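Below is the file run-v2.txt, which contains compact mmCIF, C-alpha atoms.
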# COMPACT_ATOMS: atom_id res chain seq x y z
CA MET A 144 107.65 111.39 -14.60
CA ARG A 145 107.50 115.15 -14.46
CA ARG A 146 103.71 114.99 -14.19
CA LEU A 147 104.02 112.50 -11.32
CA TYR A 148 106.50 114.80 -9.55
CA HIS A 149 104.11 117.75 -9.80
CA ALA A 150 101.16 115.64 -8.64
CA LEU A 151 102.91 114.68 -5.40
CA PRO A 152 101.99 116.74 -2.33
CA GLY A 153 104.42 118.74 -0.17
CA PRO A 154 107.64 120.70 -0.69
CA PRO A 155 110.36 119.54 -3.18
CA ALA A 156 112.32 117.60 -0.53
CA ALA A 157 109.20 115.64 0.45
CA LYS A 158 108.44 114.95 -3.22
CA VAL A 159 111.95 113.53 -3.79
CA LEU A 160 111.58 111.37 -0.68
CA GLN A 161 108.24 110.08 -1.92
CA ILE A 162 109.74 109.20 -5.30
CA ILE A 163 112.63 107.34 -3.64
CA ILE A 164 110.15 105.37 -1.49
CA LEU A 165 108.05 104.64 -4.58
CA VAL A 166 111.10 103.39 -6.52
CA VAL A 167 112.15 101.12 -3.63
CA VAL A 168 108.62 99.71 -3.32
CA VAL A 169 108.48 99.05 -7.07
CA LEU A 170 111.92 97.36 -7.05
CA VAL A 171 111.01 95.13 -4.09
CA GLY A 172 107.72 94.26 -5.79
CA LEU A 173 109.54 93.42 -9.01
CA GLY A 174 111.99 91.27 -7.04
CA PHE A 175 109.11 89.23 -5.58
CA LEU A 176 107.42 89.01 -8.99
CA PHE A 177 110.64 87.84 -10.67
CA GLU A 178 111.30 85.27 -7.93
CA TRP A 179 107.78 83.88 -8.29
CA ALA A 180 107.93 83.81 -12.08
CA GLY A 181 111.43 82.27 -11.92
CA GLN A 182 109.93 79.14 -10.37
CA PHE A 183 108.41 78.38 -13.78
CA LEU A 184 111.87 78.59 -15.41
CA ASP A 185 113.77 76.54 -12.82
CA ASN A 186 112.67 75.71 -9.30
CA GLY A 187 115.84 73.91 -8.21
CA GLY A 188 114.90 70.46 -9.46
CA THR A 189 113.65 69.10 -6.14
CA MET A 190 111.29 66.16 -6.01
CA ALA A 191 108.01 65.84 -4.10
CA VAL A 192 107.09 69.42 -4.84
CA VAL A 193 103.44 69.70 -5.82
CA SER A 194 103.56 70.70 -9.45
CA PHE A 195 101.67 73.83 -10.40
CA LEU A 196 102.29 73.16 -14.05
CA PRO A 197 100.06 70.94 -16.21
CA MET B 253 92.17 111.72 -31.70
CA ARG B 254 90.70 108.77 -29.81
CA LEU B 255 92.53 106.28 -32.03
CA ARG B 256 95.80 108.13 -31.50
CA ARG B 257 95.36 108.01 -27.73
CA SER B 258 94.56 104.27 -27.84
CA LEU B 259 97.62 103.62 -29.99
CA ARG B 260 99.77 105.55 -27.53
CA VAL B 261 98.43 103.44 -24.62
CA VAL B 262 99.07 100.22 -26.53
CA GLY B 263 102.55 101.43 -27.51
CA TRP B 264 103.60 102.36 -23.99
CA SER B 265 102.10 99.14 -22.58
CA SER B 266 104.13 97.08 -25.08
CA VAL B 267 107.30 98.98 -24.23
CA THR B 268 106.66 98.45 -20.49
CA VAL B 269 106.02 94.71 -20.94
CA GLY B 270 109.16 94.42 -23.10
CA VAL B 271 111.31 96.24 -20.55
CA LEU B 272 109.90 94.05 -17.74
CA LEU B 273 110.60 90.88 -19.73
CA VAL B 274 114.19 91.93 -20.46
CA ALA B 275 114.65 92.84 -16.78
CA PHE B 276 113.20 89.47 -15.75
CA PHE B 277 115.55 87.45 -17.94
CA LEU B 278 118.54 89.59 -16.92
CA TYR B 279 117.62 89.00 -13.29
CA GLN B 280 117.19 85.24 -13.71
CA LEU B 281 120.04 84.45 -16.09
CA VAL B 282 122.69 86.97 -15.02
CA PHE B 283 121.99 88.46 -11.58
CA THR B 284 121.16 85.11 -9.90
CA ASN B 285 124.45 83.66 -11.22
CA VAL B 286 126.37 86.51 -9.60
CA LEU B 287 124.58 85.83 -6.29
CA THR B 288 125.40 82.13 -6.41
CA ALA B 289 129.05 82.73 -7.39
CA ARG B 290 129.41 84.91 -4.30
CA SER B 291 127.72 82.29 -2.09
CA GLN B 292 130.02 79.57 -3.44
CA LYS B 293 133.10 81.67 -2.76
CA LEU B 294 131.98 82.38 0.82
CA ALA B 295 131.11 78.70 1.32
CA GLU B 296 134.60 77.54 0.28
CA ALA B 297 136.14 79.11 3.37
CA GLN B 298 133.38 77.82 5.65
CA LEU B 299 133.66 74.34 4.11
CA VAL B 300 137.25 73.88 5.28
CA SER B 301 136.33 74.43 8.93
CA ASN B 302 133.07 72.44 8.63
CA MET B 303 134.91 69.44 7.16
CA ALA B 304 137.69 69.63 9.76
CA SER B 305 135.12 69.67 12.56
CA ALA B 306 133.11 66.80 11.00
CA ALA B 307 136.27 64.72 10.45
CA LYS B 308 136.85 64.69 14.22
CA GLN B 309 133.40 63.17 14.72
CA ILE B 310 133.63 60.30 12.23
CA GLU B 311 132.42 57.10 13.84
CA VAL B 312 132.55 53.41 13.04
CA VAL B 313 128.91 52.39 12.87
CA ASP B 314 129.21 48.75 11.84
CA THR B 315 131.72 46.13 10.77
CA ILE B 316 131.41 42.94 8.75
CA PRO B 317 134.13 40.32 9.37
CA LEU B 318 135.71 39.24 6.11
CA THR B 319 135.90 35.48 5.65
CA THR B 320 138.56 35.68 2.93
CA SER B 321 141.91 37.44 2.83
CA THR B 322 142.36 37.35 6.59
CA SER B 323 145.93 36.12 6.19
CA PRO B 324 148.77 38.39 5.15
CA THR B 325 149.06 38.84 1.39
CA THR B 326 152.24 39.47 -0.48
CA THR B 327 152.45 41.95 -3.30
CA THR B 328 155.37 42.47 -5.61
CA PRO B 329 155.55 45.89 -7.22
CA GLY B 330 157.04 45.45 -10.67
CA SER B 331 156.74 48.82 -12.28
CA THR B 332 160.01 50.21 -10.92
CA GLY B 333 162.10 47.35 -12.25
CA THR B 334 163.41 46.51 -8.79
CA THR B 335 162.77 43.20 -7.12
CA THR B 336 161.69 44.47 -3.72
CA THR B 337 158.91 42.52 -2.08
CA SER B 338 156.58 44.09 0.46
CA THR B 339 154.17 42.32 2.77
CA THR B 340 150.86 43.99 3.57
CA LEU B 341 147.91 42.93 5.66
CA ALA B 342 144.57 42.73 3.87
CA PRO B 343 141.64 44.26 5.81
CA VAL B 344 140.08 41.72 8.16
CA GLU B 345 136.76 43.48 8.33
CA ALA B 346 134.66 45.80 6.23
CA VAL B 347 133.97 48.99 8.14
CA LEU B 348 131.01 51.36 7.81
CA TYR B 349 132.02 54.89 8.72
CA SER B 350 129.55 57.70 9.33
CA GLU B 351 129.98 61.44 9.65
CA PRO B 352 127.75 63.83 11.62
CA THR B 353 124.65 65.20 9.91
CA PRO B 354 125.46 68.71 8.63
CA ASP B 355 123.46 71.71 9.78
CA GLU B 356 120.61 72.79 7.49
CA GLY B 357 121.93 75.18 4.84
CA ALA B 358 125.60 74.59 5.72
CA PRO B 359 128.29 73.56 3.21
CA PHE B 360 129.53 70.02 3.92
CA GLY B 361 131.35 68.81 0.81
CA THR B 362 131.98 69.20 -2.88
CA ILE B 363 130.65 67.56 -6.02
CA GLN B 364 132.83 67.13 -9.08
CA ILE B 365 131.81 65.79 -12.48
CA PRO B 366 134.94 65.99 -14.68
CA SER B 367 133.14 65.07 -17.92
CA ILE B 368 130.99 68.24 -17.78
CA GLY B 369 133.47 70.43 -15.89
CA LEU B 370 131.36 70.68 -12.72
CA ASP B 371 133.02 71.51 -9.41
CA LYS B 372 130.70 73.00 -6.75
CA VAL B 373 130.34 73.22 -3.01
CA LEU B 374 127.51 71.01 -1.68
CA PHE B 375 125.01 72.28 0.88
CA GLU B 376 122.67 70.46 3.27
CA GLY B 377 119.02 70.98 2.35
CA VAL B 378 116.84 71.50 -0.70
CA ASP B 379 114.82 74.51 0.43
CA VAL B 380 114.61 77.56 -1.84
CA ALA B 381 117.26 79.55 0.08
CA THR B 382 119.79 76.69 0.17
CA LEU B 383 119.50 75.83 -3.53
CA LYS B 384 120.28 79.46 -4.37
CA LYS B 385 123.76 78.84 -2.93
CA GLY B 386 124.49 75.64 -4.87
CA PRO B 387 123.52 71.96 -5.18
CA GLY B 388 121.73 70.70 -2.06
CA HIS B 389 121.47 67.30 -0.40
CA MET B 390 117.98 66.08 0.52
CA PRO B 391 118.19 65.77 4.32
CA TRP B 392 115.86 62.76 4.52
CA THR B 393 118.20 60.65 2.35
CA PRO B 394 121.60 59.20 3.38
CA LEU B 395 124.67 61.40 3.03
CA PRO B 396 126.82 60.75 -0.06
CA GLY B 397 129.23 57.89 0.56
CA GLN B 398 126.74 56.07 2.81
CA PRO B 399 124.72 52.96 1.90
CA GLY B 400 121.32 53.71 0.36
CA ASN B 401 120.29 56.42 -2.07
CA ALA B 402 121.77 59.88 -1.49
CA VAL B 403 119.84 62.53 -3.42
CA ILE B 404 121.26 65.88 -4.54
CA SER B 405 119.19 68.56 -6.32
CA GLY B 406 120.41 71.59 -8.21
CA HIS B 407 119.32 74.43 -10.47
CA ARG B 408 119.48 73.82 -14.21
CA THR B 409 119.48 77.33 -15.70
CA THR B 410 119.47 79.89 -12.89
CA TYR B 411 121.43 80.48 -9.65
CA GLY B 412 124.76 79.35 -11.07
CA ALA B 413 123.11 76.62 -13.16
CA PRO B 414 125.23 73.86 -11.58
CA PHE B 415 123.36 71.09 -13.40
CA PHE B 416 123.07 72.87 -16.78
CA ASN B 417 124.88 70.08 -18.67
CA LEU B 418 123.59 67.14 -16.66
CA ASP B 419 121.85 65.81 -19.79
CA LYS B 420 125.28 65.32 -21.38
CA LEU B 421 126.26 62.64 -18.84
CA GLU B 422 126.55 59.13 -20.21
CA ALA B 423 126.71 55.72 -18.53
CA GLY B 424 130.20 55.24 -17.12
CA ASP B 425 130.90 58.94 -16.40
CA GLN B 426 132.26 59.52 -12.92
CA ILE B 427 130.88 61.72 -10.15
CA ILE B 428 133.16 62.44 -7.20
CA VAL B 429 131.64 63.63 -3.93
CA THR B 430 134.07 64.76 -1.26
CA THR B 431 132.91 65.02 2.35
CA ALA B 432 134.64 64.77 5.72
CA LEU B 433 134.82 60.99 5.12
CA GLY B 434 136.91 61.46 1.98
CA ASP B 435 136.28 60.97 -1.73
CA SER B 436 133.38 58.77 -2.81
CA THR B 437 133.38 58.03 -6.53
CA TYR B 438 130.20 57.08 -8.34
CA GLU B 439 129.68 55.84 -11.88
CA VAL B 440 126.62 56.91 -13.89
CA ARG B 441 124.24 54.02 -14.54
CA GLU B 442 120.87 55.58 -15.48
CA LYS B 443 119.47 58.76 -17.01
CA LEU B 444 115.72 59.27 -16.62
CA ILE B 445 113.09 61.94 -17.16
CA VAL B 446 110.20 61.87 -14.69
CA ARG B 447 107.45 64.11 -13.39
CA PRO B 448 108.33 66.30 -10.37
CA THR B 449 105.91 64.31 -8.21
CA ASP B 450 107.53 60.95 -9.04
CA VAL B 451 109.39 60.53 -5.75
CA SER B 452 110.19 56.87 -6.48
CA VAL B 453 113.64 57.98 -7.72
CA THR B 454 114.49 59.13 -4.18
CA GLU B 455 113.55 55.84 -2.53
CA PRO B 456 116.23 53.67 -0.85
CA MET B 457 118.10 51.23 -3.07
CA PRO B 458 120.36 48.27 -2.18
CA GLY B 459 124.03 49.23 -2.32
CA ALA B 460 125.20 52.83 -2.35
CA TRP B 461 123.74 55.19 -4.94
CA LEU B 462 123.79 58.86 -5.78
CA THR B 463 120.76 60.42 -7.47
CA LEU B 464 121.03 63.87 -9.03
CA THR B 465 117.80 65.72 -9.82
CA THR B 466 117.27 68.91 -11.82
CA CYS B 467 114.65 70.65 -13.96
CA ASN B 468 113.92 69.46 -17.48
CA PRO B 469 113.82 70.67 -20.22
CA LYS B 470 116.13 73.66 -19.84
CA TYR B 471 114.21 76.84 -18.91
CA SER B 472 111.21 74.85 -17.70
CA ALA B 473 110.27 73.21 -14.39
CA ARG B 474 107.79 70.88 -16.08
CA GLU B 475 109.82 67.65 -15.63
CA ARG B 476 112.84 66.32 -13.77
CA LEU B 477 116.07 64.98 -15.26
CA ILE B 478 117.39 62.21 -13.05
CA ILE B 479 120.92 60.80 -13.02
CA GLN B 480 121.52 57.67 -10.97
CA ALA B 481 125.09 56.63 -10.22
CA GLN B 482 126.53 53.73 -8.23
CA LEU B 483 129.39 53.90 -5.73
CA ILE B 484 132.56 52.40 -7.20
CA SER B 485 135.12 53.53 -4.63
CA GLY B 486 135.30 55.33 -1.32
CA PRO B 487 135.70 54.80 2.42
CA ASN B 488 132.50 52.71 2.67
CA TYR B 489 132.84 50.86 -0.66
CA LEU B 490 134.22 47.64 0.86
CA TYR B 491 131.41 47.55 3.45
CA VAL B 492 128.71 48.21 0.84
CA GLU B 493 130.03 45.53 -1.52
CA THR B 494 130.51 42.98 1.27
CA GLU B 495 126.99 43.62 2.53
CA ARG B 496 125.60 43.31 -1.00
CA GLU B 497 127.47 40.05 -1.63
CA GLN B 498 126.28 38.62 1.67
CA THR B 499 122.68 39.63 0.92
CA MET B 500 122.89 38.08 -2.56
CA GLY B 501 124.55 34.97 -1.14
CA GLY B 502 121.85 34.68 1.51
CA ALA B 503 119.11 35.13 -1.06
CA SER B 504 120.37 32.37 -3.39
Mind turning this structure into structure tokens?
Amino acid sequence: MRRLYHALPGPPAAKVLQIIILVVVVLVGLGFLFEWAGQFLDNGGTMAVVSFLP
Amino acid sequence: MRLRRSLRVVGWSSVTVGVLLVAFFLYQLVFTNVLTARSQKLAEAQLVSNMASAAKQIEVVDTIPLTTSTSPTTTTPGSTGTTTTSTTLAPVEAVLYSEPTPDEGAPFGTIQIPSIGLDKVLFEGVDVATLKKGPGHMPWTPLPGQPGNAVISGHRTTYGAPFFNLDKLEAGDQIIVTTALGDSTYEVREKLIVRPTDVSVTEPMPGAWLTLTTCNPKYSARERLIIQAQLISGPNYLYVETEREQTMGGAS
């Protein structure tokens, strides 16, 4: 984490802003990933949905 | 040195995958339940106004004249020990009531299954966003309480898991759906497991039926658990039964 901080360009304030943006992007990405993967656990039980499972 | 570096990469990768897996299951099994609980609470307030507005738009769609019991009938209540006699008029026609189609995603009623402790607000629609709020009614099937086959889908293990214990239902268990029309009570007749593409369970059936669909087994979307229940009382029960008897009489 410290290495990442030092690798970022710009003054300290810009580095903190970049880290915040990075964290938000990662969290949103994880949210999408978890939603997609959650369909394999439980997709709501609707019928007539083309099954992607064998 | 090289081996140590490889081991470190493998170690950190395993830790990352482990953390992601724990986060995933926390998200699915805890966080989604919190979201749905909040949606249900918000929907309760909206449901009152939606049902009041729908109740004003209830219409009589059809009537079937009853050939029997058109004369006044006399009933004698005996449970109180008094000898009072009251005279009541039996219904002279079976009436089919209908309520307006709810807006997509809106709460329009409740579903209660006392034997498994279920009591949830029902929403119109089975899209991903609607089912996150609670059990949803398939819009292309009749509304609960109407003749035909009303289909309701719900999550089994995530988003409040309304149908978690659906497999525990047995023949004879009651399902009560309350809409603007009033209470419609169904009795469980069938429990099936089918593939998700087997849409035959949603097809129209003679009489008035309620079909509940959810994922099966728990924590997998591989199959569907289907509960089929038949209307045994409600505002349209007399109409449905009269129509069924007439159809059967006509067929024989």
Exercise. Mind listing as a VMD selection string which residues of chain A are within 6 Å of chain B, counting all atoms listed in the file?
Worked result: chain A and resid 177 183 to 185 187 to 191
Exercise. In file coordinates, which residues lie within 10 Å of (131.9, 54.7, 16.9) using all atoms listed in the file, given as a ChimeraX atom specification?
Worked result: /B:309-314,348-350
Exercise. Of the candidates B:Thr315, B:Asn417, B:Ser266, B:Gln482, which one gets nearest to Ile365 (chain B) if we count only C-alpha atoms?
Worked result: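 Of the candidates, the smallest distance to Ile365 (chain B) is held by B:Asn417.
Rounded to one decimal, CA of Leu374 (chain B) and CA of Asn285 (chain B) lie 16.1 Å from each other.
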Problem set entry | Residue contacts of Gly459 (chain B) (7 Å, only C-alpha atoms) excluding same-chain residues fewer than 6 positions away, as a PyMOL selection string | chain B and resi 399-400+492+496
With C-alpha atoms retained, write the just-selected residues as an mmCIF file, keeping the file's coordinate frame.
data_model
loop_
_atom_site.group_PDB
_atom_site.id
_atom_site.type_symbol
_atom_site.label_atom_id
_atom_site.label_comp_id
_atom_site.auth_asym_id
_atom_site.auth_seq_id
_atom_site.Cartn_x
_atom_site.Cartn_y
_atom_site.Cartn_z
ATOM 1 C CA PRO B 399 124.720 52.960 1.900
ATOM 2 C CA GLY B 400 121.320 53.710 0.360
ATOM 3 C CA VAL B 492 128.710 48.210 0.840
ATOM 4 C CA ARG B 496 125.600 43.310 -1.000
#
Exercise. CA of Val166 (chain A) to CA of Phe283 (chain B): how many Å, to one decimal?
Worked result: 19.2 Å
What box, with edges along x, y and z, holds each listed atom of region 386-405 of chain B when 4 Å is added on every side, and can you state its centre and edge lengths in Å to one decimal, as lines of an AutoDock Vina configuration file?
center_x = 122.5
center_y = 64.3
center_z = -0.9
size_x = 21.4
size_y = 30.7
size_z = 18.8
Exercise. Counting all atoms listed in the file, what is within 12 Å of Ile427 (chain B), bar same-chain residues fewer than 6 positions away, as a ChimeraX atom specification?
Worked result: /B:362-372,396-397,404,418,421,435-441,461-464,479-486
Just-selected residues, C-alpha atoms written as a PDB file, keeping the file's coordinate frame:
ATOM      1  CA  THR B 362     131.980  69.200  -2.880  1.00  0.00           C
ATOM      2  CA  ILE B 363     130.650  67.560  -6.020  1.00  0.00           C
ATOM      3  CA  GLN B 364     132.830  67.130  -9.080  1.00  0.00           C
ATOM      4  CA  ILE B 365     131.810  65.790 -12.480  1.00  0.00           C
ATOM      5  CA  PRO B 366     134.940  65.990 -14.680  1.00  0.00           C
ATOM      6  CA  SER B 367     133.140  65.070 -17.920  1.00  0.00           C
ATOM      7  CA  ILE B 368     130.990  68.240 -17.780  1.00  0.00           C
ATOM      8  CA  GLY B 369     133.470  70.430 -15.890  1.00  0.00           C
ATOM      9  CA  LEU B 370     131.360  70.680 -12.720  1.00  0.00           C
ATOM     10  CA  ASP B 371     133.020  71.510  -9.410  1.00  0.00           C
ATOM     11  CA  LYS B 372     130.700  73.000  -6.750  1.00  0.00           C
ATOM     12  CA  PRO B 396     126.820  60.750  -0.060  1.00  0.00           C
ATOM     13  CA  GLY B 397     129.230  57.890   0.560  1.00  0.00           C
ATOM     14  CA  ILE B 404     121.260  65.880  -4.540  1.00  0.00           C
ATOM     15  CA  LEU B 418     123.590  67.140 -16.660  1.00  0.00           C
ATOM     16  CA  LEU B 421     126.260  62.640 -18.840  1.00  0.00           C
ATOM     17  CA  ASP B 435     136.280  60.970  -1.730  1.00  0.00           C
ATOM     18  CA  SER B 436     133.380  58.770  -2.810  1.00  0.00           C
ATOM     19  CA  THR B 437     133.380  58.030  -6.530  1.00  0.00           C
ATOM     20  CA  TYR B 438     130.200  57.080  -8.340  1.00  0.00           C
ATOM     21  CA  GLU B 439     129.680  55.840 -11.880  1.00  0.00           C
ATOM     22  CA  VAL B 440     126.620  56.910 -13.890  1.00  0.00           C
ATOM     23  CA  ARG B 441     124.240  54.020 -14.540  1.00  0.00           C
ATOM     24  CA  TRP B 461     123.740  55.190  -4.940  1.00  0.00           C
ATOM     25  CA  LEU B 462     123.790  58.860  -5.780  1.00  0.00           C
ATOM     26  CA  THR B 463     120.760  60.420  -7.470  1.00  0.00           C
ATOM     27  CA  LEU B 464     121.030  63.870  -9.030  1.00  0.00           C
ATOM     28  CA  ILE B 479     120.920  60.800 -13.020  1.00  0.00           C
ATOM     29  CA  GLN B 480     121.520  57.670 -10.970  1.00  0.00           C
ATOM     30  CA  ALA B 481     125.090  56.630 -10.220  1.00  0.00           C
ATOM     31  CA  GLN B 482     126.530  53.730  -8.230  1.00  0.00           C
ATOM     32  CA  LEU B 483     129.390  53.900  -5.730  1.00  0.00           C
ATOM     33  CA  ILE B 484     132.560  52.400  -7.200  1.00  0.00           C
ATOM     34  CA  SER B 485     135.120  53.530  -4.630  1.00  0.00           C
ATOM     35  CA  GLY B 486     135.300  55.330  -1.320  1.00  0.00           C
TER      36      GLY B 486
END
Problem set entry | Point-to-point distance in Å for CA of Val347 (chain B) and CA of Thr494 (chain B) |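 Atom-to-atom, CA of Thr494 (chain B) to CA of Val347 (chain B), that is 9.8 Å.
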For this session: Name all residues at most 9 Å from Ile162 (chain A) (count all atoms listed in the file; drop same-chain ones fewer than 5 positions away) and give them as a list in words.
Result: Leu147, Tyr148, Leu151, Ala157 and Val167 of chain A
File output for region 169-178 of chain A (all heavy atoms) as a compact mmCIF listing (two decimals), in the first residue's frame:
# COMPACT_ATOMS: atom_id res chain seq x y z
N VAL A 169 -12.77 -0.03 -7.29
CA VAL A 169 -12.66 -1.44 -6.89
C VAL A 169 -13.95 -1.91 -6.22
O VAL A 169 -14.45 -3.01 -6.51
CB VAL A 169 -11.43 -1.63 -5.95
CG1 VAL A 169 -11.47 -3.01 -5.29
CG2 VAL A 169 -10.14 -1.48 -6.74
N LEU A 170 -14.53 -1.09 -5.33
CA LEU A 170 -15.76 -1.48 -4.63
C LEU A 170 -16.92 -1.66 -5.61
O LEU A 170 -17.67 -2.62 -5.50
CB LEU A 170 -16.12 -0.45 -3.56
CG LEU A 170 -15.26 -0.50 -2.28
CD1 LEU A 170 -15.69 0.59 -1.31
CD2 LEU A 170 -15.35 -1.87 -1.61
N VAL A 171 -17.04 -0.71 -6.56
CA VAL A 171 -18.12 -0.82 -7.56
C VAL A 171 -17.91 -2.09 -8.41
O VAL A 171 -18.85 -2.84 -8.66
CB VAL A 171 -18.17 0.45 -8.45
CG1 VAL A 171 -19.10 0.24 -9.64
CG2 VAL A 171 -18.63 1.65 -7.63
N GLY A 172 -16.67 -2.33 -8.79
CA GLY A 172 -16.34 -3.53 -9.56
C GLY A 172 -16.69 -4.79 -8.79
O GLY A 172 -17.29 -5.73 -9.33
N LEU A 173 -16.35 -4.80 -7.50
CA LEU A 173 -16.66 -5.96 -6.67
C LEU A 173 -18.18 -6.14 -6.55
O LEU A 173 -18.67 -7.26 -6.56
CB LEU A 173 -16.07 -5.77 -5.26
CG LEU A 173 -14.61 -6.18 -5.08
CD1 LEU A 173 -14.18 -5.94 -3.65
CD2 LEU A 173 -14.39 -7.65 -5.44
N GLY A 174 -18.89 -5.02 -6.44
CA GLY A 174 -20.36 -5.08 -6.37
C GLY A 174 -20.94 -5.77 -7.59
O GLY A 174 -21.76 -6.68 -7.48
N PHE A 175 -20.46 -5.36 -8.78
CA PHE A 175 -20.93 -5.99 -10.03
C PHE A 175 -20.55 -7.47 -10.06
O PHE A 175 -21.35 -8.32 -10.44
CB PHE A 175 -20.35 -5.26 -11.24
CG PHE A 175 -21.14 -4.04 -11.62
CD1 PHE A 175 -20.63 -2.77 -11.42
CD2 PHE A 175 -22.41 -4.16 -12.18
CE1 PHE A 175 -21.35 -1.63 -11.76
CE2 PHE A 175 -23.15 -3.03 -12.53
CZ PHE A 175 -22.62 -1.76 -12.31
N LEU A 176 -19.31 -7.76 -9.65
CA LEU A 176 -18.85 -9.15 -9.65
C LEU A 176 -19.70 -10.01 -8.72
O LEU A 176 -20.14 -11.11 -9.07
CB LEU A 176 -17.38 -9.20 -9.21
CG LEU A 176 -16.77 -10.60 -9.11
CD1 LEU A 176 -16.59 -11.22 -10.49
CD2 LEU A 176 -15.42 -10.56 -8.39
N PHE A 177 -19.98 -9.48 -7.52
CA PHE A 177 -20.77 -10.23 -6.54
C PHE A 177 -22.21 -10.43 -7.02
O PHE A 177 -22.81 -11.48 -6.80
CB PHE A 177 -20.77 -9.51 -5.19
CG PHE A 177 -19.46 -9.60 -4.45
CD1 PHE A 177 -19.28 -8.92 -3.24
CD2 PHE A 177 -18.40 -10.34 -4.94
CE1 PHE A 177 -18.08 -9.00 -2.55
CE2 PHE A 177 -17.19 -10.41 -4.27
CZ PHE A 177 -17.03 -9.74 -3.07
N GLU A 178 -22.77 -9.40 -7.68
CA GLU A 178 -24.13 -9.52 -8.20
C GLU A 178 -24.19 -10.60 -9.27
O GLU A 178 -25.12 -11.41 -9.30
CB GLU A 178 -24.61 -8.18 -8.79
CG GLU A 178 -25.04 -7.18 -7.75
CD GLU A 178 -26.34 -7.59 -7.06
OE1 GLU A 178 -27.23 -8.13 -7.72
OE2 GLU A 178 -26.43 -7.39 -5.83
